[in-house]
Amino acid sequence: FLLLPAADGTPPKRLRSIAAPFLSLLLVKPAERQGLMLKTFELTGVVSGLLLTVPIAILEFTERDAAQTGQADETIEEGWMDALAGFVFVNLALVTTICINSAMFVVSSGWQASTRYYEALMPIIGVTFHLFAYGGVFPLTVLVLNRLLLWAGSPVPVLVLNVWSFVMSQCSTHFLWSFHIKGMALELYHFPCWLMSIIRVTCAPLHFCRLSDAALEGPARQRALELRQLAGICESLVK
């Protein structure tokens, strides 16, 4: 992760790990690491648990509307949206369950645990984070905007809302990924190729060139140097 060469002098390899954004937690002192891990699981678990009610409420409103209008058969679009609501619910339920279980184990056996112990938790954090984002929040946003369009008496206000939401999401993700590129270049450098391809196209199209491997390498090495200095690693090991 810190771009240190191997014992035989082999240049460091990229990890290609979905847990890369959280690997810097392994550099924290053991006394503080347990608390940070717990906060990570608690925050993700609480937010995903609160969002669990949204797809359920949407399904209930859809069933109530169908009963009031006397419509027995739903359209193909409504069927797909119901399936999307179920998809979101399952993903958020998985995230909540995994976070609760992991937090309980960290409390019971993570006190002053070794780096290897917490290194084994990294894939769990990576999976829950990306499942929460790409399997929960993003499709839930699409589901809510679609349902607003179906329920609205006039589609014009909702279309304006959709356009406004798209513009604001692009603006917010632009600034968010500007921070990621400047402050977390090392973590992005260790992302899997398939995930970086998705990010370049869907999340940060305005930063497409800045998210290339060549553009990230220099800032990644600079951040690796800063982390090595914080961790007290002798720079003679890098040469």
# chains A, B, ... in the order shown; residues from 1 in each chain; ligands from 1

$ residues_around --residues "region 117-119 of chain A" --least-positions-apart "3" --cutoff "10 Å" --atoms "only C-alpha atoms" --output "NGL selection string"
:A and (19 or 22-23 or 25-26 or 30 or 33-34 or 37 or 106 or 109-110 or 112-114 or 122-124)

$ residues_around --residues "Thr96 (chain A)" --least-positions-apart "3" --cutoff "12 Å" --atoms "only C-alpha atoms" --output "CSV table (one decimal) with N, CA and C atoms, in the first residue's frame"
chain,number,residue,atom,x,y,z
A,41,PHE,N,-18.1,1.1,11.0
A,41,PHE,CA,-19.2,0.1,10.9
A,41,PHE,C,-20.5,0.7,11.4
A,42,GLU,N,-20.4,1.4,12.5
A,42,GLU,CA,-21.6,2.0,13.1
A,42,GLU,C,-22.2,3.0,12.1
A,43,LEU,N,-21.4,3.9,11.5
A,43,LEU,CA,-22.0,4.9,10.6
A,43,LEU,C,-22.6,4.3,9.4
A,44,THR,N,-22.0,3.3,8.8
A,44,THR,CA,-22.5,2.7,7.6
A,44,THR,C,-23.8,1.9,8.0
A,45,GLY,N,-23.7,1.2,9.1
A,45,GLY,CA,-24.8,0.3,9.5
A,45,GLY,C,-26.1,1.2,9.9
A,46,VAL,N,-25.9,2.3,10.6
A,46,VAL,CA,-27.0,3.1,11.0
A,46,VAL,C,-27.7,3.8,9.8
A,47,VAL,N,-26.9,4.3,8.9
A,47,VAL,CA,-27.4,5.0,7.7
A,47,VAL,C,-28.2,4.0,6.8
A,48,SER,N,-27.6,2.9,6.6
A,48,SER,CA,-28.2,1.9,5.7
A,48,SER,C,-29.5,1.3,6.4
A,49,GLY,N,-29.5,1.2,7.7
A,49,GLY,CA,-30.7,0.8,8.4
A,49,GLY,C,-31.8,1.8,8.3
A,50,LEU,N,-31.5,3.0,8.4
A,50,LEU,CA,-32.5,4.1,8.3
A,50,LEU,C,-33.1,4.1,6.9
A,51,LEU,N,-32.2,3.9,5.9
A,51,LEU,CA,-32.7,3.9,4.5
A,51,LEU,C,-33.6,2.7,4.1
A,52,LEU,N,-33.5,1.6,5.0
A,52,LEU,CA,-34.3,0.4,4.7
A,52,LEU,C,-35.8,0.7,4.6
A,89,PHE,N,-33.6,-2.9,-1.1
A,89,PHE,CA,-33.9,-3.4,0.2
A,89,PHE,C,-32.9,-4.5,0.6
A,90,VAL,N,-32.7,-5.5,-0.3
A,90,VAL,CA,-31.9,-6.6,0.1
A,90,VAL,C,-30.4,-6.1,0.3
A,91,ASN,N,-29.9,-5.2,-0.6
A,91,ASN,CA,-28.6,-4.7,-0.4
A,91,ASN,C,-28.4,-4.0,0.9
A,92,LEU,N,-29.3,-3.1,1.2
A,92,LEU,CA,-29.2,-2.3,2.4
A,92,LEU,C,-29.4,-3.2,3.7
A,93,ALA,N,-30.2,-4.3,3.6
A,93,ALA,CA,-30.3,-5.2,4.7
A,93,ALA,C,-29.0,-6.0,4.9
A,99,CYS,N,-22.5,-5.0,9.0
A,99,CYS,CA,-21.9,-4.0,9.8
A,99,CYS,C,-22.1,-4.3,11.3
A,100,ILE,N,-23.3,-4.7,11.6
A,100,ILE,CA,-23.6,-5.1,13.0
A,100,ILE,C,-22.8,-6.2,13.5
A,101,ASN,N,-22.7,-7.3,12.7
A,101,ASN,CA,-21.9,-8.5,13.1
A,101,ASN,C,-20.4,-8.1,13.2
A,102,SER,N,-19.9,-7.4,12.2
A,102,SER,CA,-18.5,-7.0,12.3
A,102,SER,C,-18.2,-6.1,13.5
A,103,ALA,N,-19.1,-5.2,13.8
A,103,ALA,CA,-18.9,-4.3,14.9
A,103,ALA,C,-18.8,-5.1,16.2
A,125,ILE,N,-15.0,-4.2,4.9
A,125,ILE,CA,-15.3,-2.8,4.9
A,125,ILE,C,-15.5,-2.3,3.4
A,128,THR,N,-18.9,-3.7,2.0
A,128,THR,CA,-20.1,-3.0,2.5
A,128,THR,C,-20.2,-1.6,2.0
A,129,PHE,N,-19.1,-0.9,1.9
A,129,PHE,CA,-19.1,0.5,1.4
A,129,PHE,C,-19.6,0.5,0.0
A,131,LEU,N,-21.2,-1.8,-1.7
A,131,LEU,CA,-22.6,-2.3,-1.8
A,131,LEU,C,-23.6,-1.2,-1.3
A,132,PHE,N,-23.2,-0.5,-0.3
A,132,PHE,CA,-24.1,0.6,0.2
A,132,PHE,C,-24.2,1.7,-0.9
A,136,GLY,N,-27.2,0.5,-3.0
A,136,GLY,CA,-28.2,1.1,-2.2
A,136,GLY,C,-28.6,2.5,-2.5

$ residues_around --residues "Cys203 (chain A)" --least-positions-apart "4" --cutoff "10 Å" --atoms "only C-alpha atoms" --output "VMD selection string"
chain A and resid 169 to 170 173 to 174 176 to 177 196 to 199 207 to 208

$ closest_residue --among "A:His190, A:Arg147, A:Arg223, A:Arg228" --to "Val54 (chain A)" --atoms "only C-alpha atoms"
A:Arg147

$ closest_residue --among "A:Glu78, A:Cys193, A:Lys182, A:Ala204" --to "Leu149 (chain A)" --atoms "only C-alpha atoms"
A:Glu78

$ select_by_dssp --residues "region 19-237 of chain A" --states "alpha helix (DSSP H)" --output "PDB file with C-alpha atoms, in the first residue's frame"
ATOM      1  CA  PRO A  30      -3.616  -0.063  17.859  1.00  0.00           C
ATOM      2  CA  ALA A  31      -5.275   1.781  20.752  1.00  0.00           C
ATOM      3  CA  GLU A  32      -7.097   4.094  18.331  1.00  0.00           C
ATOM      4  CA  ARG A  33      -7.683   1.619  15.515  1.00  0.00           C
ATOM      5  CA  GLN A  34     -10.475  -0.280  17.232  1.00  0.00           C
ATOM      6  CA  GLY A  35     -12.489   2.898  17.832  1.00  0.00           C
ATOM      7  CA  LEU A  36     -12.109   4.072  14.238  1.00  0.00           C
ATOM      8  CA  MET A  37     -13.176   0.673  12.935  1.00  0.00           C
ATOM      9  CA  LEU A  38     -16.235   0.706  15.174  1.00  0.00           C
ATOM     10  CA  LYS A  39     -17.199   4.198  14.004  1.00  0.00           C
ATOM     11  CA  THR A  40     -16.875   3.095  10.377  1.00  0.00           C
ATOM     12  CA  PHE A  41     -19.156   0.093  10.865  1.00  0.00           C
ATOM     13  CA  GLU A  42     -21.601   2.030  13.055  1.00  0.00           C
ATOM     14  CA  LEU A  43     -21.963   4.926  10.629  1.00  0.00           C
ATOM     15  CA  THR A  44     -22.519   2.674   7.628  1.00  0.00           C
ATOM     16  CA  GLY A  45     -24.844   0.339   9.512  1.00  0.00           C
ATOM     17  CA  VAL A  46     -26.998   3.105  11.015  1.00  0.00           C
ATOM     18  CA  VAL A  47     -27.444   5.009   7.745  1.00  0.00           C
ATOM     19  CA  SER A  48     -28.229   1.869   5.740  1.00  0.00           C
ATOM     20  CA  GLY A  49     -30.669   0.755   8.438  1.00  0.00           C
ATOM     21  CA  LEU A  50     -32.495   4.076   8.294  1.00  0.00           C
ATOM     22  CA  LEU A  51     -32.710   3.890   4.503  1.00  0.00           C
ATOM     23  CA  THR A  53     -37.680   2.015   5.267  1.00  0.00           C
ATOM     24  CA  VAL A  54     -37.632   3.928   1.960  1.00  0.00           C
ATOM     25  CA  PRO A  55     -38.055   1.032  -0.529  1.00  0.00           C
ATOM     26  CA  ILE A  56     -40.661  -0.552   1.772  1.00  0.00           C
ATOM     27  CA  ALA A  57     -42.633   2.699   1.873  1.00  0.00           C
ATOM     28  CA  ILE A  58     -42.474   3.001  -1.918  1.00  0.00           C
ATOM     29  CA  LEU A  59     -43.838  -0.530  -2.347  1.00  0.00           C
ATOM     30  CA  GLU A  60     -46.641   0.198   0.122  1.00  0.00           C
ATOM     31  CA  PHE A  61     -47.616   3.406  -1.687  1.00  0.00           C
ATOM     32  CA  THR A  62     -47.588   1.596  -5.023  1.00  0.00           C
ATOM     33  CA  GLU A  63     -49.863  -1.172  -3.709  1.00  0.00           C
ATOM     34  CA  ARG A  64     -52.204   1.376  -2.120  1.00  0.00           C
ATOM     35  CA  ASP A  65     -52.470   3.369  -5.343  1.00  0.00           C
ATOM     36  CA  ALA A  66     -53.225   0.215  -7.320  1.00  0.00           C
ATOM     37  CA  ALA A  67     -55.989  -0.706  -4.857  1.00  0.00           C
ATOM     38  CA  GLN A  68     -57.547   2.753  -5.004  1.00  0.00           C
ATOM     39  CA  THR A  69     -57.523   2.922  -8.806  1.00  0.00           C
ATOM     40  CA  ILE A  76     -43.797  -3.496 -17.182  1.00  0.00           C
ATOM     41  CA  GLU A  77     -42.147  -0.295 -15.958  1.00  0.00           C
ATOM     42  CA  GLU A  78     -43.831  -0.578 -12.565  1.00  0.00           C
ATOM     43  CA  GLY A  79     -42.769  -4.207 -12.326  1.00  0.00           C
ATOM     44  CA  TRP A  80     -39.137  -3.254 -12.945  1.00  0.00           C
ATOM     45  CA  MET A  81     -39.343  -0.463 -10.375  1.00  0.00           C
ATOM     46  CA  ASP A  82     -40.777  -2.880  -7.809  1.00  0.00           C
ATOM     47  CA  ALA A  83     -37.910  -5.242  -8.546  1.00  0.00           C
ATOM     48  CA  LEU A  84     -35.477  -2.345  -8.106  1.00  0.00           C
ATOM     49  CA  ALA A  85     -37.066  -1.546  -4.738  1.00  0.00           C
ATOM     50  CA  GLY A  86     -36.573  -5.165  -3.661  1.00  0.00           C
ATOM     51  CA  PHE A  87     -32.977  -5.048  -4.923  1.00  0.00           C
ATOM     52  CA  VAL A  88     -32.246  -1.934  -2.869  1.00  0.00           C
ATOM     53  CA  PHE A  89     -33.887  -3.404   0.235  1.00  0.00           C
ATOM     54  CA  VAL A  90     -31.856  -6.617   0.056  1.00  0.00           C
ATOM     55  CA  ASN A  91     -28.578  -4.738  -0.411  1.00  0.00           C
ATOM     56  CA  LEU A  92     -29.236  -2.336   2.449  1.00  0.00           C
ATOM     57  CA  ALA A  93     -30.299  -5.224   4.692  1.00  0.00           C
ATOM     58  CA  LEU A  94     -27.061  -7.057   3.878  1.00  0.00           C
ATOM     59  CA  VAL A  95     -24.980  -3.969   4.624  1.00  0.00           C
ATOM     60  CA  THR A  96     -26.764  -3.415   7.940  1.00  0.00           C
ATOM     61  CA  THR A  97     -26.369  -7.050   9.000  1.00  0.00           C
ATOM     62  CA  ILE A  98     -22.695  -7.255   8.026  1.00  0.00           C
ATOM     63  CA  CYS A  99     -21.888  -3.997   9.817  1.00  0.00           C
ATOM     64  CA  ILE A 100     -23.640  -5.084  13.015  1.00  0.00           C
ATOM     65  CA  ASN A 101     -21.910  -8.470  13.062  1.00  0.00           C
ATOM     66  CA  SER A 102     -18.494  -6.979  12.264  1.00  0.00           C
ATOM     67  CA  ALA A 103     -18.863  -4.288  14.932  1.00  0.00           C
ATOM     68  CA  MET A 104     -19.738  -6.902  17.546  1.00  0.00           C
ATOM     69  CA  PHE A 105     -16.647  -8.942  16.688  1.00  0.00           C
ATOM     70  CA  VAL A 106     -14.418  -5.855  16.739  1.00  0.00           C
ATOM     71  CA  VAL A 107     -15.745  -5.020  20.226  1.00  0.00           C
ATOM     72  CA  SER A 108     -15.264  -8.540  21.543  1.00  0.00           C
ATOM     73  CA  SER A 109     -11.893  -9.433  20.023  1.00  0.00           C
ATOM     74  CA  THR A 115      -2.414  -5.431  12.184  1.00  0.00           C
ATOM     75  CA  ARG A 116      -3.131  -8.784  10.544  1.00  0.00           C
ATOM     76  CA  TYR A 117      -6.444  -8.949  12.435  1.00  0.00           C
ATOM     77  CA  TYR A 118      -7.612  -5.625  11.034  1.00  0.00           C
ATOM     78  CA  GLU A 119      -6.139  -6.322   7.629  1.00  0.00           C
ATOM     79  CA  ALA A 120      -8.546  -9.261   7.402  1.00  0.00           C
ATOM     80  CA  LEU A 121     -11.426  -6.827   8.024  1.00  0.00           C
ATOM     81  CA  MET A 122     -10.500  -4.579   5.112  1.00  0.00           C
ATOM     82  CA  PRO A 123     -12.300  -6.614   2.402  1.00  0.00           C
ATOM     83  CA  ILE A 124     -15.456  -6.572   4.556  1.00  0.00           C
ATOM     84  CA  ILE A 125     -15.334  -2.788   4.858  1.00  0.00           C
ATOM     85  CA  GLY A 126     -14.686  -2.440   1.138  1.00  0.00           C
ATOM     86  CA  VAL A 127     -17.587  -4.700   0.159  1.00  0.00           C
ATOM     87  CA  THR A 128     -20.075  -3.041   2.527  1.00  0.00           C
ATOM     88  CA  PHE A 129     -19.087   0.458   1.416  1.00  0.00           C
ATOM     89  CA  HIS A 130     -19.448  -0.218  -2.310  1.00  0.00           C
ATOM     90  CA  LEU A 131     -22.595  -2.299  -1.775  1.00  0.00           C
ATOM     91  CA  PHE A 132     -24.067   0.588   0.199  1.00  0.00           C
ATOM     92  CA  PHE A 138     -27.564   5.230  -6.263  1.00  0.00           C
ATOM     93  CA  PRO A 139     -30.436   2.929  -7.313  1.00  0.00           C
ATOM     94  CA  LEU A 140     -32.561   4.316  -4.472  1.00  0.00           C
ATOM     95  CA  THR A 141     -32.173   7.806  -5.935  1.00  0.00           C
ATOM     96  CA  VAL A 142     -33.314   6.544  -9.336  1.00  0.00           C
ATOM     97  CA  LEU A 143     -36.259   4.748  -7.717  1.00  0.00           C
ATOM     98  CA  VAL A 144     -37.467   7.804  -5.799  1.00  0.00           C
ATOM     99  CA  LEU A 145     -37.242  10.141  -8.799  1.00  0.00           C
ATOM    100  CA  ASN A 146     -39.068   7.625 -10.986  1.00  0.00           C
ATOM    101  CA  ARG A 147     -41.870   7.202  -8.451  1.00  0.00           C
ATOM    102  CA  LEU A 148     -42.254  10.967  -8.114  1.00  0.00           C
ATOM    103  CA  LEU A 149     -42.686  11.162 -11.878  1.00  0.00           C
ATOM    104  CA  LEU A 150     -45.383   8.471 -11.821  1.00  0.00           C
ATOM    105  CA  TRP A 151     -47.272   9.947  -8.889  1.00  0.00           C
ATOM    106  CA  PRO A 155     -44.878  15.730 -14.994  1.00  0.00           C
ATOM    107  CA  VAL A 156     -43.354  19.166 -15.609  1.00  0.00           C
ATOM    108  CA  PRO A 157     -42.375  19.995 -11.971  1.00  0.00           C
ATOM    109  CA  VAL A 158     -40.858  16.542 -11.491  1.00  0.00           C
ATOM    110  CA  LEU A 159     -38.920  16.806 -14.754  1.00  0.00           C
ATOM    111  CA  VAL A 160     -37.550  20.125 -13.556  1.00  0.00           C
ATOM    112  CA  LEU A 161     -36.635  18.439 -10.270  1.00  0.00           C
ATOM    113  CA  ASN A 162     -34.878  15.632 -12.151  1.00  0.00           C
ATOM    114  CA  VAL A 163     -32.863  18.111 -14.204  1.00  0.00           C
ATOM    115  CA  TRP A 164     -31.992  20.079 -11.072  1.00  0.00           C
ATOM    116  CA  SER A 165     -30.976  16.892  -9.260  1.00  0.00           C
ATOM    117  CA  PHE A 166     -28.749  15.859 -12.162  1.00  0.00           C
ATOM    118  CA  VAL A 167     -27.034  19.254 -12.334  1.00  0.00           C
ATOM    119  CA  MET A 168     -26.468  19.401  -8.571  1.00  0.00           C
ATOM    120  CA  SER A 169     -25.208  15.831  -8.457  1.00  0.00           C
ATOM    121  CA  GLN A 170     -22.672  16.607 -11.174  1.00  0.00           C
ATOM    122  CA  CYS A 171     -21.530  19.731  -9.334  1.00  0.00           C
ATOM    123  CA  SER A 172     -21.239  17.968  -5.982  1.00  0.00           C
ATOM    124  CA  THR A 173     -19.437  14.930  -7.419  1.00  0.00           C
ATOM    125  CA  HIS A 174     -17.072  17.278  -9.262  1.00  0.00           C
ATOM    126  CA  PHE A 175     -15.925  18.860  -5.996  1.00  0.00           C
ATOM    127  CA  LEU A 176     -16.002  15.545  -4.160  1.00  0.00           C
ATOM    128  CA  TRP A 177     -13.760  13.835  -6.678  1.00  0.00           C
ATOM    129  CA  SER A 178     -11.486  16.866  -6.798  1.00  0.00           C
ATOM    130  CA  PHE A 179     -10.860  16.178  -3.120  1.00  0.00           C
ATOM    131  CA  HIS A 180     -10.388  12.458  -3.736  1.00  0.00           C
ATOM    132  CA  ILE A 181      -7.828  13.079  -6.462  1.00  0.00           C
ATOM    133  CA  LYS A 182      -5.846  15.591  -4.409  1.00  0.00           C
ATOM    134  CA  GLY A 183      -6.129  13.979  -0.984  1.00  0.00           C
ATOM    135  CA  ALA A 185      -4.589   9.657  -4.854  1.00  0.00           C
ATOM    136  CA  LEU A 186      -2.798   6.685  -3.288  1.00  0.00           C
ATOM    137  CA  GLU A 187      -6.081   4.987  -2.432  1.00  0.00           C
ATOM    138  CA  LEU A 188      -7.416   5.560  -5.951  1.00  0.00           C
ATOM    139  CA  TYR A 189      -4.135   4.279  -7.372  1.00  0.00           C
ATOM    140  CA  CYS A 193      -9.267  -1.494 -12.968  1.00  0.00           C
ATOM    141  CA  TRP A 194     -12.952  -2.356 -13.408  1.00  0.00           C
ATOM    142  CA  LEU A 195     -13.981  -0.084 -10.542  1.00  0.00           C
ATOM    143  CA  MET A 196     -11.909   2.814 -11.832  1.00  0.00           C
ATOM    144  CA  SER A 197     -13.530   2.391 -15.249  1.00  0.00           C
ATOM    145  CA  ILE A 198     -16.989   2.632 -13.649  1.00  0.00           C
ATOM    146  CA  ASP A 213      -3.182   5.655 -14.168  1.00  0.00           C
ATOM    147  CA  ALA A 214      -0.481   7.999 -15.424  1.00  0.00           C
ATOM    148  CA  ALA A 215      -2.097  11.060 -13.844  1.00  0.00           C
ATOM    149  CA  LEU A 216      -2.572   9.354 -10.459  1.00  0.00           C
ATOM    150  CA  GLU A 217       0.911   7.872 -10.153  1.00  0.00           C
ATOM    151  CA  GLY A 218       2.727  11.080  -9.159  1.00  0.00           C
ATOM    152  CA  PRO A 219       0.238  12.222  -6.470  1.00  0.00           C
ATOM    153  CA  ALA A 220      -0.018   8.626  -5.218  1.00  0.00           C
ATOM    154  CA  ARG A 221       3.724   8.418  -4.644  1.00  0.00           C
ATOM    155  CA  GLN A 222       3.652  11.770  -2.868  1.00  0.00           C
ATOM    156  CA  ARG A 223       0.901  10.616  -0.505  1.00  0.00           C
ATOM    157  CA  ALA A 224       2.727   7.317   0.068  1.00  0.00           C
ATOM    158  CA  LEU A 225       5.792   9.336   1.083  1.00  0.00           C
ATOM    159  CA  GLU A 226       3.727  11.373   3.545  1.00  0.00           C
ATOM    160  CA  LEU A 227       2.193   8.246   5.087  1.00  0.00           C
ATOM    161  CA  ARG A 228       5.596   6.571   5.383  1.00  0.00           C
ATOM    162  CA  GLN A 229       6.906   9.606   7.246  1.00  0.00           C
ATOM    163  CA  LEU A 230       3.917   9.576   9.598  1.00  0.00           C
ATOM    164  CA  ALA A 231       4.447   5.861  10.209  1.00  0.00           C
TER     165      ALA A 231
END

$ atom_distance --atom1 "CA of Leu3 (chain A)" --atom2 "CA of Val201 (chain A)"
27.1 Å

$ atom_distance --atom1 "CA of Ala20 (chain A)" --atom2 "CA of Pro205 (chain A)"
21.0 Å

$ decode --residues "region 9-20 of chain A" --atoms "N, CA and C atoms" --output "short mmCIF file (atom, residue, chain, number, x, y, z; two decimals), in the first residue's frame"
data_model
loop_
_atom_site.label_atom_id
_atom_site.label_comp_id
_atom_site.auth_asym_id
_atom_site.auth_seq_id
_atom_site.Cartn_x
_atom_site.Cartn_y
_atom_site.Cartn_z
N GLY A 9 14.05 -6.29 -3.99
CA GLY A 9 14.18 -5.09 -4.81
C GLY A 9 13.15 -4.94 -5.90
N THR A 10 12.20 -5.86 -5.96
CA THR A 10 11.16 -5.78 -6.98
C THR A 10 10.30 -4.54 -6.74
N PRO A 11 9.98 -3.78 -7.78
CA PRO A 11 9.16 -2.58 -7.60
C PRO A 11 7.80 -2.92 -7.00
N PRO A 12 7.23 -2.02 -6.24
CA PRO A 12 5.93 -2.30 -5.60
C PRO A 12 4.82 -2.45 -6.63
N LYS A 13 3.89 -3.35 -6.33
CA LYS A 13 2.76 -3.59 -7.22
C LYS A 13 1.51 -2.91 -6.66
N ARG A 14 0.60 -2.60 -7.55
CA ARG A 14 -0.66 -2.02 -7.14
C ARG A 14 -1.56 -3.11 -6.58
N LEU A 15 -2.29 -2.79 -5.51
CA LEU A 15 -3.07 -3.80 -4.82
C LEU A 15 -4.33 -4.19 -5.56
N ARG A 16 -4.92 -3.26 -6.31
CA ARG A 16 -6.19 -3.51 -7.02
C ARG A 16 -7.24 -4.03 -6.05
N SER A 17 -7.43 -3.30 -4.95
CA SER A 17 -8.34 -3.73 -3.90
C SER A 17 -9.48 -2.73 -3.74
N ILE A 18 -10.71 -3.24 -3.54
CA ILE A 18 -11.85 -2.37 -3.29
C ILE A 18 -11.80 -1.77 -1.89
N ALA A 19 -10.93 -2.31 -1.03
CA ALA A 19 -10.78 -1.79 0.33
C ALA A 19 -9.71 -0.71 0.41
N ALA A 20 -9.17 -0.27 -0.71
CA ALA A 20 -8.07 0.69 -0.72
C ALA A 20 -8.38 1.98 0.04
#
